[in-house]
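Structure below is work_31.cif: mmCIF, C-alpha atoms.
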```
data_start
#
loop_
_atom_site.group_PDB
_atom_site.id
_atom_site.type_symbol
_atom_site.label_atom_id
_atom_site.label_comp_id
_atom_site.auth_asym_id
_atom_site.auth_seq_id
_atom_site.Cartn_x
_atom_site.Cartn_y
_atom_site.Cartn_z
ATOM 1 C CA MET A 1 -10.125 4.747 13.528
ATOM 2 C CA GLU A 2 -12.883 4.399 16.146
ATOM 3 C CA ALA A 3 -13.093 8.096 17.036
ATOM 4 C CA PRO A 4 -12.960 9.278 13.385
ATOM 5 C CA LEU A 5 -15.762 6.806 12.584
ATOM 6 C CA HIS A 6 -17.904 8.442 15.276
ATOM 7 C CA VAL A 7 -17.214 11.854 13.751
ATOM 8 C CA ALA A 8 -18.083 10.685 10.225
ATOM 9 C CA ALA A 9 -21.358 9.062 11.278
ATOM 10 C CA SER A 10 -22.593 11.736 13.680
ATOM 11 C CA SER A 11 -21.770 14.642 11.352
ATOM 12 C CA LEU A 12 -23.604 12.967 8.460
ATOM 13 C CA LEU A 13 -26.703 12.370 10.599
ATOM 14 C CA THR A 14 -26.603 15.869 12.100
ATOM 15 C CA HIS A 15 -26.841 17.511 8.686
ATOM 16 C CA ALA A 16 -29.301 15.069 7.096
ATOM 17 C CA SER A 17 -32.845 16.231 6.377
ATOM 18 C CA ALA A 18 -35.370 15.126 8.989
ATOM 19 C CA GLU A 19 -37.731 14.178 6.151
ATOM 20 C CA TRP A 20 -35.647 11.055 5.466
ATOM 21 C CA THR A 21 -34.796 8.034 7.576
ATOM 22 C CA ILE A 22 -31.087 7.286 7.427
ATOM 23 C CA ASP A 23 -30.207 3.590 7.499
ATOM 24 C CA PHE A 24 -26.643 3.156 8.729
ATOM 25 C CA TYR A 25 -24.880 -0.062 7.756
ATOM 26 C CA PHE A 26 -21.648 -0.577 9.650
ATOM 27 C CA VAL A 27 -19.159 -3.272 8.717
ATOM 28 C CA LEU A 28 -16.802 -3.257 11.685
ATOM 29 C CA SER A 29 -13.798 -5.504 12.167
ATOM 30 C CA ASP A 30 -12.821 -6.313 15.780
ATOM 31 C CA PHE A 31 -15.673 -4.258 17.282
ATOM 32 C CA ASP A 32 -17.166 -5.946 20.327
ATOM 33 C CA GLN A 33 -20.456 -4.960 21.974
ATOM 34 C CA LYS A 34 -18.740 -2.239 24.022
ATOM 35 C CA HIS A 35 -17.513 -0.515 20.864
ATOM 36 C CA ARG A 36 -20.921 -0.847 19.215
ATOM 37 C CA ASP A 37 -22.606 0.685 22.258
ATOM 38 C CA ARG A 38 -20.227 3.637 22.100
ATOM 39 C CA LEU A 39 -21.207 4.254 18.490
ATOM 40 C CA LEU A 40 -24.901 4.061 19.359
ATOM 41 C CA GLN A 41 -24.342 6.593 22.156
ATOM 42 C CA THR A 42 -22.705 8.974 19.702
ATOM 43 C CA LEU A 43 -25.674 8.779 17.329
ATOM 44 C CA GLU A 44 -28.051 9.383 20.247
ATOM 45 C CA LEU A 45 -26.114 12.534 21.121
ATOM 46 C CA THR A 46 -27.214 14.073 17.804
ATOM 47 C CA LYS A 47 -30.783 14.262 19.178
ATOM 48 C CA LYS A 48 -32.001 13.068 15.772
ATOM 49 C CA GLY A 49 -34.565 10.304 15.646
ATOM 50 C CA ASN A 50 -34.649 9.675 11.911
ATOM 51 C CA TYR A 51 -32.179 6.815 11.699
ATOM 52 C CA GLU A 52 -31.756 3.078 12.073
ATOM 53 C CA VAL A 53 -28.553 1.156 12.696
ATOM 54 C CA HIS A 54 -27.535 -2.181 11.198
ATOM 55 C CA PHE A 55 -24.319 -3.992 12.073
ATOM 56 C CA LEU A 56 -23.164 -6.301 9.293
ATOM 57 C CA PRO A 57 -20.636 -9.096 9.753
ATOM 58 C CA ALA A 58 -17.295 -8.404 8.125
ATOM 59 C CA PRO A 59 -16.709 -10.389 4.931
ATOM 60 C CA SER A 60 -14.255 -13.247 5.178
ATOM 61 C CA ASP A 61 -10.721 -12.310 4.138
ATOM 62 C CA ASN A 62 -10.792 -15.425 1.965
ATOM 63 C CA ILE A 63 -13.007 -13.531 -0.463
ATOM 64 C CA PHE A 64 -10.085 -11.196 -1.137
ATOM 65 C CA ALA A 65 -7.389 -13.847 -1.434
ATOM 66 C CA GLY A 66 -4.791 -12.984 -4.045
ATOM 67 C CA MET A 67 -5.479 -9.247 -3.958
ATOM 68 C CA ARG A 68 -3.066 -6.441 -3.204
ATOM 69 C CA SER A 69 -3.324 -5.200 0.374
ATOM 70 C CA LEU A 70 -3.309 -1.601 1.587
ATOM 71 C CA HIS A 71 -0.773 -1.290 4.414
ATOM 72 C CA GLY A 72 -1.230 -5.031 4.971
ATOM 73 C CA ASP A 73 -5.031 -4.791 5.169
ATOM 74 C CA VAL A 74 -7.829 -5.766 2.748
ATOM 75 C CA THR A 75 -10.611 -3.766 4.407
ATOM 76 C CA THR A 76 -10.582 -1.282 1.514
ATOM 77 C CA TYR A 77 -12.215 -3.948 -0.676
ATOM 78 C CA TYR A 78 -15.269 -4.216 1.575
ATOM 79 C CA ARG A 79 -17.058 -1.492 -0.391
ATOM 80 C CA LEU A 80 -16.989 -3.713 -3.481
ATOM 81 C CA VAL A 81 -19.098 -6.391 -1.767
ATOM 82 C CA LEU A 82 -21.530 -4.044 0.028
ATOM 83 C CA PRO A 83 -24.143 -4.223 -2.783
ATOM 84 C CA ASN A 84 -24.446 -7.965 -2.136
ATOM 85 C CA LEU A 85 -24.926 -7.429 1.607
ATOM 86 C CA ILE A 86 -27.526 -4.657 1.668
ATOM 87 C CA GLU A 87 -31.104 -4.810 0.402
ATOM 88 C CA ALA A 88 -31.911 -1.291 -0.724
ATOM 89 C CA ASP A 89 -32.357 0.719 -3.893
ATOM 90 C CA ARG A 90 -29.489 3.083 -3.314
ATOM 91 C CA LEU A 91 -26.460 3.173 -1.047
ATOM 92 C CA LEU A 92 -24.045 5.964 -0.156
ATOM 93 C CA TYR A 93 -20.649 4.723 0.972
ATOM 94 C CA VAL A 94 -18.598 7.246 2.972
ATOM 95 C CA ASP A 95 -15.061 6.734 4.282
ATOM 96 C CA SER A 96 -14.535 7.098 8.024
ATOM 97 C CA ASP A 97 -11.881 9.793 7.468
ATOM 98 C CA THR A 98 -14.567 12.350 6.629
ATOM 99 C CA ILE A 99 -16.575 15.089 8.322
ATOM 100 C CA CYS A 100 -19.929 15.961 6.794
ATOM 101 C CA PHE A 101 -21.221 19.538 6.670
ATOM 102 C CA VAL A 102 -23.914 19.045 4.042
ATOM 103 C CA ASP A 103 -27.253 17.256 3.684
ATOM 104 C CA VAL A 104 -26.645 14.043 1.742
ATOM 105 C CA THR A 105 -30.309 13.065 1.315
ATOM 106 C CA PRO A 106 -30.578 14.689 -2.168
ATOM 107 C CA LEU A 107 -28.334 11.851 -3.357
ATOM 108 C CA ALA A 108 -31.246 9.462 -2.773
ATOM 109 C CA THR A 109 -33.052 10.877 -5.796
ATOM 110 C CA VAL A 110 -30.281 12.236 -8.032
ATOM 111 C CA PRO A 111 -30.517 10.660 -11.533
ATOM 112 C CA MET A 112 -27.974 7.861 -11.984
ATOM 113 C CA PRO A 113 -27.244 6.947 -15.623
ATOM 114 C CA TYR A 114 -24.559 4.550 -14.377
ATOM 115 C CA PRO A 115 -24.490 2.028 -11.490
ATOM 116 C CA THR A 116 -21.918 4.078 -9.556
ATOM 117 C CA GLY A 117 -21.480 7.752 -8.765
ATOM 118 C CA PHE A 118 -18.353 9.645 -7.741
ATOM 119 C CA VAL A 119 -16.936 13.128 -7.542
ATOM 120 C CA GLN A 120 -14.484 13.460 -10.400
ATOM 121 C CA ASN A 121 -10.875 13.564 -9.248
ATOM 122 C CA GLY A 122 -8.931 14.908 -12.214
ATOM 123 C CA ILE A 123 -8.148 12.751 -15.217
ATOM 124 C CA VAL A 124 -6.222 9.500 -15.495
ATOM 125 C CA SER A 125 -3.076 11.207 -16.775
ATOM 126 C CA ASP A 126 -2.867 12.967 -13.374
ATOM 127 C CA HIS A 127 -2.555 9.670 -11.522
ATOM 128 C CA PRO A 128 0.568 7.586 -10.831
ATOM 129 C CA GLU A 129 -1.090 4.531 -12.439
ATOM 130 C CA TYR A 130 -1.431 6.312 -15.788
ATOM 131 C CA ALA A 131 0.823 3.812 -17.595
ATOM 132 C CA PHE A 132 -1.514 1.030 -16.480
ATOM 133 C CA PHE A 133 -4.624 2.965 -17.536
ATOM 134 C CA SER A 134 -3.034 3.682 -20.899
ATOM 135 C CA ARG A 135 -2.249 -0.001 -21.350
ATOM 136 C CA LEU A 136 -5.948 -0.735 -20.836
ATOM 137 C CA GLY A 137 -6.838 1.732 -23.581
ATOM 138 C CA LEU A 138 -7.990 4.712 -21.506
ATOM 139 C CA THR A 139 -7.273 8.069 -23.118
ATOM 140 C CA PRO A 140 -5.317 10.653 -21.061
ATOM 141 C CA ASP A 141 -8.418 12.815 -20.500
ATOM 142 C CA THR A 142 -10.569 9.975 -19.112
ATOM 143 C CA PRO A 143 -12.207 11.205 -15.879
ATOM 144 C CA ALA A 144 -10.742 9.679 -12.720
ATOM 145 C CA LEU A 145 -12.322 9.399 -9.284
ATOM 146 C CA ASN A 146 -11.748 9.088 -5.547
ATOM 147 C CA ALA A 147 -13.554 6.153 -3.936
ATOM 148 C CA GLY A 148 -13.880 7.725 -0.482
ATOM 149 C CA VAL A 149 -17.446 8.732 -1.321
ATOM 150 C CA MET A 150 -19.318 6.334 -3.586
ATOM 151 C CA LEU A 151 -22.986 6.249 -4.605
ATOM 152 C CA PHE A 152 -24.446 2.886 -5.680
ATOM 153 C CA ASP A 153 -27.505 2.104 -7.762
ATOM 154 C CA LEU A 154 -27.667 -1.294 -6.095
ATOM 155 C CA ALA A 155 -30.076 -2.957 -8.511
ATOM 156 C CA ALA A 156 -28.027 -1.879 -11.529
ATOM 157 C CA TRP A 157 -24.768 -2.983 -9.867
ATOM 158 C CA ARG A 158 -26.173 -6.408 -9.032
ATOM 159 C CA ALA A 159 -27.772 -6.821 -12.465
ATOM 160 C CA GLU A 160 -24.308 -6.507 -14.013
ATOM 161 C CA ASP A 161 -22.754 -8.801 -11.370
ATOM 162 C CA ARG A 162 -20.184 -6.106 -10.766
ATOM 163 C CA THR A 163 -18.917 -7.429 -7.450
ATOM 164 C CA ALA A 164 -17.681 -10.675 -9.007
ATOM 165 C CA LYS A 165 -16.198 -8.826 -11.972
ATOM 166 C CA MET A 166 -14.442 -6.297 -9.766
ATOM 167 C CA LEU A 167 -12.912 -8.946 -7.511
ATOM 168 C CA GLU A 168 -11.642 -10.877 -10.508
ATOM 169 C CA PHE A 169 -10.153 -7.701 -11.979
ATOM 170 C CA CYS A 170 -8.386 -6.974 -8.692
ATOM 171 C CA ARG A 171 -6.830 -10.437 -8.689
ATOM 172 C CA SER A 172 -5.804 -10.322 -12.332
ATOM 173 C CA TYR A 173 -4.073 -6.944 -12.076
ATOM 174 C CA ARG A 174 -3.021 -6.933 -8.405
ATOM 175 C CA ASP A 175 0.541 -5.732 -9.150
ATOM 176 C CA TYR A 176 -0.756 -2.601 -10.921
ATOM 177 C CA LEU A 177 -3.321 -1.488 -8.357
ATOM 178 C CA LEU A 178 -1.352 1.102 -6.408
ATOM 179 C CA CYS A 179 -4.541 2.295 -4.727
ATOM 180 C CA CYS A 180 -6.159 -1.143 -4.650
ATOM 181 C CA ASP A 181 -9.904 -1.026 -5.373
ATOM 182 C CA GLN A 182 -9.819 2.677 -6.249
ATOM 183 C CA THR A 183 -7.427 2.004 -9.134
ATOM 184 C CA ALA A 184 -9.664 -0.865 -10.211
ATOM 185 C CA LEU A 185 -12.758 1.359 -10.118
ATOM 186 C CA ILE A 186 -11.069 4.041 -12.228
ATOM 187 C CA ALA A 187 -9.987 1.423 -14.748
ATOM 188 C CA THR A 188 -13.292 -0.441 -15.022
ATOM 189 C CA CYS A 189 -15.537 2.635 -14.988
ATOM 190 C CA ALA A 190 -13.377 4.143 -17.763
ATOM 191 C CA GLY A 191 -14.926 7.558 -17.145
ATOM 192 C CA HIS A 192 -18.481 6.220 -17.277
ATOM 193 C CA PHE A 193 -19.859 7.026 -13.842
ATOM 194 C CA THR A 194 -22.503 9.366 -12.465
ATOM 195 C CA MET A 195 -20.791 12.676 -11.767
ATOM 196 C CA LEU A 196 -21.573 13.932 -8.269
ATOM 197 C CA ASP A 197 -21.259 17.553 -7.227
ATOM 198 C CA GLN A 198 -17.767 18.429 -5.994
ATOM 199 C CA LYS A 199 -19.112 19.302 -2.558
ATOM 200 C CA TYR A 200 -19.689 15.632 -1.795
ATOM 201 C CA ASN A 201 -15.966 14.860 -1.664
ATOM 202 C CA LEU A 202 -13.802 17.860 -0.794
ATOM 203 C CA HIS A 203 -10.205 16.724 -0.455
ATOM 204 C CA MET A 204 -8.357 18.005 2.598
ATOM 205 C CA TYR A 205 -4.633 17.229 2.351
ATOM 206 C CA PRO A 206 -2.260 17.535 5.329
ATOM 207 C CA THR A 207 -0.409 20.286 3.465
ATOM 208 C CA THR A 208 -3.286 22.551 2.399
ATOM 209 C CA PRO A 209 -5.374 25.115 4.328
ATOM 210 C CA ILE A 210 -8.839 24.026 5.450
ATOM 211 C CA PRO A 211 -11.726 26.244 4.288
ATOM 212 C CA ASP A 212 -14.590 27.464 6.476
ATOM 213 C CA PRO A 213 -17.381 24.840 6.305
ATOM 214 C CA SER A 214 -20.022 27.546 6.809
ATOM 215 C CA GLN A 215 -18.825 29.168 3.592
ATOM 216 C CA GLN A 216 -18.105 25.924 1.737
ATOM 217 C CA PRO A 217 -20.385 23.147 3.020
ATOM 218 C CA GLY A 218 -19.676 19.608 1.889
ATOM 219 C CA ILE A 219 -18.147 16.297 2.871
ATOM 220 C CA TYR A 220 -14.599 17.079 4.004
ATOM 221 C CA HIS A 221 -12.375 14.121 3.225
ATOM 222 C CA PHE A 222 -8.960 13.877 4.877
ATOM 223 C CA VAL A 223 -6.972 12.295 2.061
ATOM 224 C CA GLY A 224 -3.320 11.321 2.243
ATOM 225 C CA SER A 225 -1.427 10.908 5.478
ATOM 226 C CA PRO A 226 -0.947 11.652 8.252
ATOM 227 C CA LYS A 227 -4.555 12.194 9.339
ATOM 228 C CA PRO A 228 -5.485 14.739 12.034
ATOM 229 C CA TRP A 229 -5.781 11.916 14.610
ATOM 230 C CA ASP A 230 -2.437 10.277 13.771
ATOM 231 C CA LEU A 231 0.657 10.788 15.910
ATOM 232 C CA GLY A 232 1.641 14.443 15.605
ATOM 233 C CA GLY A 233 -1.571 15.342 13.766
ATOM 234 C CA ARG A 234 -2.482 17.888 16.410
ATOM 235 C CA SER A 235 0.645 19.877 15.525
ATOM 236 C CA ILE A 236 1.075 19.400 11.788
ATOM 237 C CA HIS A 237 -2.350 18.819 10.234
ATOM 238 C CA PRO A 238 -4.303 22.013 9.412
ATOM 239 C CA GLY A 239 -7.572 20.095 9.796
ATOM 240 C CA PHE A 240 -7.009 19.065 13.405
ATOM 241 C CA SER A 241 -9.097 21.901 14.887
ATOM 242 C CA LEU A 242 -11.974 21.001 12.565
ATOM 243 C CA TYR A 243 -11.756 17.369 13.621
ATOM 244 C CA SER A 244 -11.439 18.142 17.348
ATOM 245 C CA ARG A 245 -14.520 20.399 17.261
ATOM 246 C CA ALA A 246 -16.552 17.681 15.572
ATOM 247 C CA LEU A 247 -15.293 15.180 18.142
ATOM 248 C CA GLU A 248 -16.868 17.245 20.925
ATOM 249 C CA SER A 249 -20.304 16.067 19.761
ATOM 250 C CA THR A 250 -19.408 12.380 20.071
ATOM 251 C CA PHE A 251 -18.926 9.860 22.854
ATOM 252 C CA PHE A 252 -15.201 10.708 22.921
ATOM 253 C CA ARG A 253 -15.629 14.472 23.450
ATOM 254 C CA THR A 254 -11.903 15.248 23.190
ATOM 255 C CA HIS A 255 -8.934 13.881 21.269
ATOM 256 C CA ARG A 256 -6.463 11.790 23.224
ATOM 257 C CA THR A 257 -3.298 10.240 21.834
ATOM 258 C CA ASP A 258 -2.086 7.254 23.796
ATOM 259 C CA TYR A 259 1.614 7.226 22.989
ATOM 260 C CA SER A 260 1.995 3.912 24.791
ATOM 261 C CA ARG A 261 -0.138 2.066 22.226
ATOM 262 C CA LEU A 262 1.915 0.095 19.745
ATOM 263 C CA SER A 263 -0.774 0.466 17.065
ATOM 264 C CA TYR A 264 -0.141 4.231 16.855
ATOM 265 C CA TRP A 265 3.558 3.714 16.270
ATOM 266 C CA THR A 266 3.012 0.840 13.844
ATOM 267 C CA ARG A 267 0.748 2.999 11.696
ATOM 268 C CA ALA A 268 3.184 5.915 11.915
ATOM 269 C CA TYR A 269 5.914 3.682 10.541
ATOM 270 C CA LYS A 270 3.688 2.458 7.702
ATOM 271 C CA ILE A 271 2.860 6.017 6.627
ATOM 272 C CA LYS A 272 6.321 7.466 7.253
ATOM 273 C CA GLY A 273 6.440 8.670 3.652
ATOM 274 C CA GLY A 274 3.411 10.868 4.327
ATOM 275 C CA TYR A 275 5.092 12.392 7.371
ATOM 276 C CA PHE A 276 8.204 13.118 5.334
ATOM 277 C CA ARG A 277 6.273 14.810 2.515
ATOM 278 C CA THR A 278 4.174 16.834 4.934
ATOM 279 C CA LEU A 279 7.121 18.080 6.987
ATOM 280 C CA ARG A 280 9.069 18.904 3.820
ATOM 281 C CA THR A 281 6.162 20.971 2.502
ATOM 282 C CA ILE A 282 5.775 22.782 5.832
ATOM 283 C CA LEU A 283 9.475 23.709 5.802
ATOM 284 C CA GLN A 284 9.243 24.917 2.205
ATOM 285 C CA GLN A 285 6.225 27.052 3.036
ATOM 286 C CA LYS A 286 7.990 28.594 6.021
ATOM 287 C CA ARG A 287 11.041 29.455 3.889
ATOM 288 C CA ALA A 288 8.717 31.134 1.381
ATOM 289 C CA GLU A 289 7.100 33.358 4.009
ATOM 290 C CA PRO A 290 7.988 37.084 3.810
ATOM 291 C CA GLY A 291 10.820 37.939 6.171
ATOM 292 C CA SER A 292 11.762 34.311 6.732
ATOM 293 C CA GLN A 293 15.150 34.743 5.033
ATOM 294 C CA GLN A 294 17.900 37.206 5.785
ATOM 295 C CA GLU A 295 18.974 39.534 2.968
#
```
Could you quickly redo this structure as structure tokens?
Amino acid sequence: MEAPLHVAASSLLTHASAEWTIDFYFVLSDFDQKHRDRLLQTLELTKKGNYEVHFLPAPSDNIFAGMRSLHGDVTTYYRLVLPNLIEADRLLYVDSDTICFVDVTPLATVPMPYPTGFVQNGIVSDHPEYAFFSRLGLTPDTPALNAGVMLFDLAAWRAEDRTAKMLEFCRSYRDYLLCCDQTALIATCAGHFTMLDQKYNLHMYPTTPIPDPSQQPGIYHFVGSPKPWDLGGRSIHPGFSLYSRALESTFFRTHRTDYSRLSYWTRAYKIKGGYFRTLRTILQQKRAEPGSQQE
């Protein structure tokens, strides 16, 4: 995820208003000084001077003991502890599987009636955890969310001691949290969150066409799997060209897949269900194309 992180950070800075200073807070596991220097080089390539960079130590995994992992990893829970690590009034969390084509600085002053803000992602009855949400008393039309882009009112979050409450919730209901902290956020927000404009989290699935960012600016979020940078992403993900163009403005310049690296194959095995669904959809779409079947 190093190259996608560079894309996410540089694209956000590139489109941010020069009237604001962007404070980047990176929580990076297993990043030595060489990797940090690469990231700094990428930000310098934007030719923007209105930013500062802060590297935060990764939280101890002990904090997340007893919680459900995501593909054997607990990194997804880091966003729940960020408000306790950062001294600021407001914080925008953005997943590293995103490309930004919009100025995010208006989010610094958008009214926040609740401690958290999200783009609505359907309603709870649309989600596979609906039985769990129903058990908690949420009505079918309760707004749901995607946690890939999350706006914090940090003072309000801390005043309610939400980090401690969220971690306890995640331990108590670990067997029901199919999407880990995202499921927990949907359940505990219960539809009461600041609604962000849809453009701040535009979902790009591996089976859907990618729009033209010049016509539809926003934060493009590669949800599901495989991602454009995964094994085979160059061939099967419609967003690969978008990602590769954005990569040209970073330290990496071009996409390279090292097929000899075990980590690529390990991840491919973990997300094999995503490959299967994507390939099945591609085959179905090809069969539906005019002239694809003999009369």
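Between Thr254 in chain A and the candidates A:Ala155, A:Ala3, A:Ile219, A:Leu177, the tightest atom-to-atom separation, counting only C-alpha atoms, involves A:Ala3.
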CA of Gly233 in chain A to CA of Gln285 in chain A, straight-line distance in Å = 17.7 Å
On this structure, which residues satisfy the PyMOL selection byres ((chain A and resi 113-124) around 10), written as a count of residues only?
-> 60
Hey, which bits of range 173-206 of chain A sit within 8 Å of range 60-72 of chain A, and for each residue what's the closest pair of atoms and how far apart in Å (one decimal), counting only C-alpha atoms, rows by chain and increasing number, as a tab-separated table?
```
residue	atom	partner	partner_atom	distance
A:Arg174	CA	A:Arg68	CA	5.2
A:Asp175	CA	A:Arg68	CA	7.0
A:Leu177	CA	A:Arg68	CA	7.2
A:Cys179	CA	A:Leu70	CA	7.5
A:Cys180	CA	A:Arg68	CA	6.3
```
Please provide as a ChimeraX atom specification all residues within 8 Å of Val7 in chain A, with the sequence filter that same-chain residues fewer than 3 positions apart are discarded (counting all atoms listed in the file).
-> /A:3-4,10-11,96,98-99,243,246-247,249-250
Those residues with C-alpha atoms, as an mmCIF file, in the coordinates of the input please?
```
data_model
loop_
_atom_site.group_PDB
_atom_site.id
_atom_site.type_symbol
_atom_site.label_atom_id
_atom_site.label_comp_id
_atom_site.auth_asym_id
_atom_site.auth_seq_id
_atom_site.Cartn_x
_atom_site.Cartn_y
_atom_site.Cartn_z
ATOM 1 C CA ALA A 3 -13.093 8.096 17.036
ATOM 2 C CA PRO A 4 -12.960 9.278 13.385
ATOM 3 C CA SER A 10 -22.593 11.736 13.680
ATOM 4 C CA SER A 11 -21.770 14.642 11.352
ATOM 5 C CA SER A 96 -14.535 7.098 8.024
ATOM 6 C CA THR A 98 -14.567 12.350 6.629
ATOM 7 C CA ILE A 99 -16.575 15.089 8.322
ATOM 8 C CA TYR A 243 -11.756 17.369 13.621
ATOM 9 C CA ALA A 246 -16.552 17.681 15.572
ATOM 10 C CA LEU A 247 -15.293 15.180 18.142
ATOM 11 C CA SER A 249 -20.304 16.067 19.761
ATOM 12 C CA THR A 250 -19.408 12.380 20.071
#
```
Could you give me the centre and size, in Å to one decimal, of an axis-aligned box around all listed atoms of range 102-108 of chain A with 6 Å added on every side, as lines of an AutoDock Vina configuration file?
```
center_x = -27.6
center_y = 14.3
center_z = 0.3
size_x = 19.3
size_y = 21.6
size_z = 19.4
```
Given the file shown, determine the residues that the PyMOL selection byres ((chain A and resi 30) around 12) selects; report them as an MDAnalysis selection string.
-> chainID A and resid 1:2 27:29 31:36 57:58 75
Please, what distance in Å, to one decimal, runs between CA of Ser244 in chain A and CA of Ala268 in chain A?
->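 Going from CA of Ser244 in chain A over to CA of Ala268 in chain A covers 19.8 Å.
This file gives the following result for the PyMOL selection byres ((chain A and resi 81-85) around 7): Tyr78, Arg79, Leu80, Ile86, Glu87, Leu154, Arg158 and Thr163 of chain A.
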7 Å contact set for range 14-16 of chain A, only C-alpha atoms, chain neighbours under 6 positions out, as number ranges by chain = A: 46, 101-105
How many Å lie between CA of Thr42 in chain A and CA of Leu56 in chain A, rounded to one decimal?
-> 18.5 Å
Pick out the closest residue to Tyr264 in chain A from this set: A:Leu39, A:Leu231, A:Leu283, A:Val223. Count all atoms listed in the file.
-> A:Leu231
Select, from A:Val74, A:Thr207, A:Lys270, A:Leu13, the residue with the minimum atom-to-atom distance to Asp181 in chain A, counting all atoms listed in the file.
->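 Among the listed residues, A:Val74 lies closest to Asp181 in chain A.
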Since the input is missing atoms, can you rebuild N, CA and C atoms for range 196-212 of chain A and write them as a PDB file, keeping the file's coordinate frame?
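The result, written out as selection32.pdb:
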```
ATOM      1  N   LEU A 196     -20.994  13.265  -9.424  1.00  0.00           N
ATOM      2  CA  LEU A 196     -21.573  13.932  -8.269  1.00  0.00           C
ATOM      3  C   LEU A 196     -20.983  15.327  -8.108  1.00  0.00           C
ATOM      4  N   ASP A 197     -21.744  16.197  -7.479  1.00  0.00           N
ATOM      5  CA  ASP A 197     -21.259  17.553  -7.227  1.00  0.00           C
ATOM      6  C   ASP A 197     -19.986  17.502  -6.385  1.00  0.00           C
ATOM      7  N   GLN A 198     -19.062  18.396  -6.668  1.00  0.00           N
ATOM      8  CA  GLN A 198     -17.767  18.429  -5.994  1.00  0.00           C
ATOM      9  C   GLN A 198     -17.891  18.520  -4.485  1.00  0.00           C
ATOM     10  N   LYS A 199     -18.971  19.111  -4.006  1.00  0.00           N
ATOM     11  CA  LYS A 199     -19.112  19.302  -2.558  1.00  0.00           C
ATOM     12  C   LYS A 199     -19.204  17.993  -1.790  1.00  0.00           C
ATOM     13  N   TYR A 200     -19.529  16.904  -2.484  1.00  0.00           N
ATOM     14  CA  TYR A 200     -19.689  15.632  -1.795  1.00  0.00           C
ATOM     15  C   TYR A 200     -18.378  14.891  -1.555  1.00  0.00           C
ATOM     16  N   ASN A 201     -17.272  15.470  -1.983  1.00  0.00           N
ATOM     17  CA  ASN A 201     -15.966  14.860  -1.664  1.00  0.00           C
ATOM     18  C   ASN A 201     -14.891  15.930  -1.811  1.00  0.00           C
ATOM     19  N   LEU A 202     -14.782  16.775  -0.796  1.00  0.00           N
ATOM     20  CA  LEU A 202     -13.802  17.860  -0.794  1.00  0.00           C
ATOM     21  C   LEU A 202     -12.514  17.357  -0.150  1.00  0.00           C
ATOM     22  N   HIS A 203     -11.459  17.302  -0.926  1.00  0.00           N
ATOM     23  CA  HIS A 203     -10.205  16.724  -0.455  1.00  0.00           C
ATOM     24  C   HIS A 203      -9.445  17.693   0.451  1.00  0.00           C
ATOM     25  N   MET A 204      -9.115  17.226   1.635  1.00  0.00           N
ATOM     26  CA  MET A 204      -8.357  18.005   2.598  1.00  0.00           C
ATOM     27  C   MET A 204      -7.018  17.306   2.834  1.00  0.00           C
ATOM     28  N   TYR A 205      -5.963  17.821   2.209  1.00  0.00           N
ATOM     29  CA  TYR A 205      -4.633  17.229   2.351  1.00  0.00           C
ATOM     30  C   TYR A 205      -3.946  17.777   3.610  1.00  0.00           C
ATOM     31  N   PRO A 206      -2.965  17.047   4.137  1.00  0.00           N
ATOM     32  CA  PRO A 206      -2.260  17.535   5.329  1.00  0.00           C
ATOM     33  C   PRO A 206      -1.356  18.729   5.059  1.00  0.00           C
ATOM     34  N   THR A 207      -1.285  19.162   3.807  1.00  0.00           N
ATOM     35  CA  THR A 207      -0.409  20.286   3.465  1.00  0.00           C
ATOM     36  C   THR A 207      -1.176  21.491   2.914  1.00  0.00           C
ATOM     37  N   THR A 208      -2.514  21.452   2.964  1.00  0.00           N
ATOM     38  CA  THR A 208      -3.286  22.551   2.399  1.00  0.00           C
ATOM     39  C   THR A 208      -4.199  23.161   3.454  1.00  0.00           C
ATOM     40  N   PRO A 209      -4.483  24.456   3.360  1.00  0.00           N
ATOM     41  CA  PRO A 209      -5.374  25.115   4.328  1.00  0.00           C
ATOM     42  C   PRO A 209      -6.781  24.527   4.261  1.00  0.00           C
ATOM     43  N   ILE A 210      -7.478  24.542   5.381  1.00  0.00           N
ATOM     44  CA  ILE A 210      -8.839  24.026   5.450  1.00  0.00           C
ATOM     45  C   ILE A 210      -9.814  25.197   5.345  1.00  0.00           C
ATOM     46  N   PRO A 211     -10.769  25.144   4.420  1.00  0.00           N
ATOM     47  CA  PRO A 211     -11.726  26.244   4.288  1.00  0.00           C
ATOM     48  C   PRO A 211     -12.730  26.270   5.432  1.00  0.00           C
ATOM     49  N   ASP A 212     -13.547  27.307   5.469  1.00  0.00           N
ATOM     50  CA  ASP A 212     -14.590  27.464   6.476  1.00  0.00           C
ATOM     51  C   ASP A 212     -15.822  26.691   6.016  1.00  0.00           C
TER      52      ASP A 212
END
```
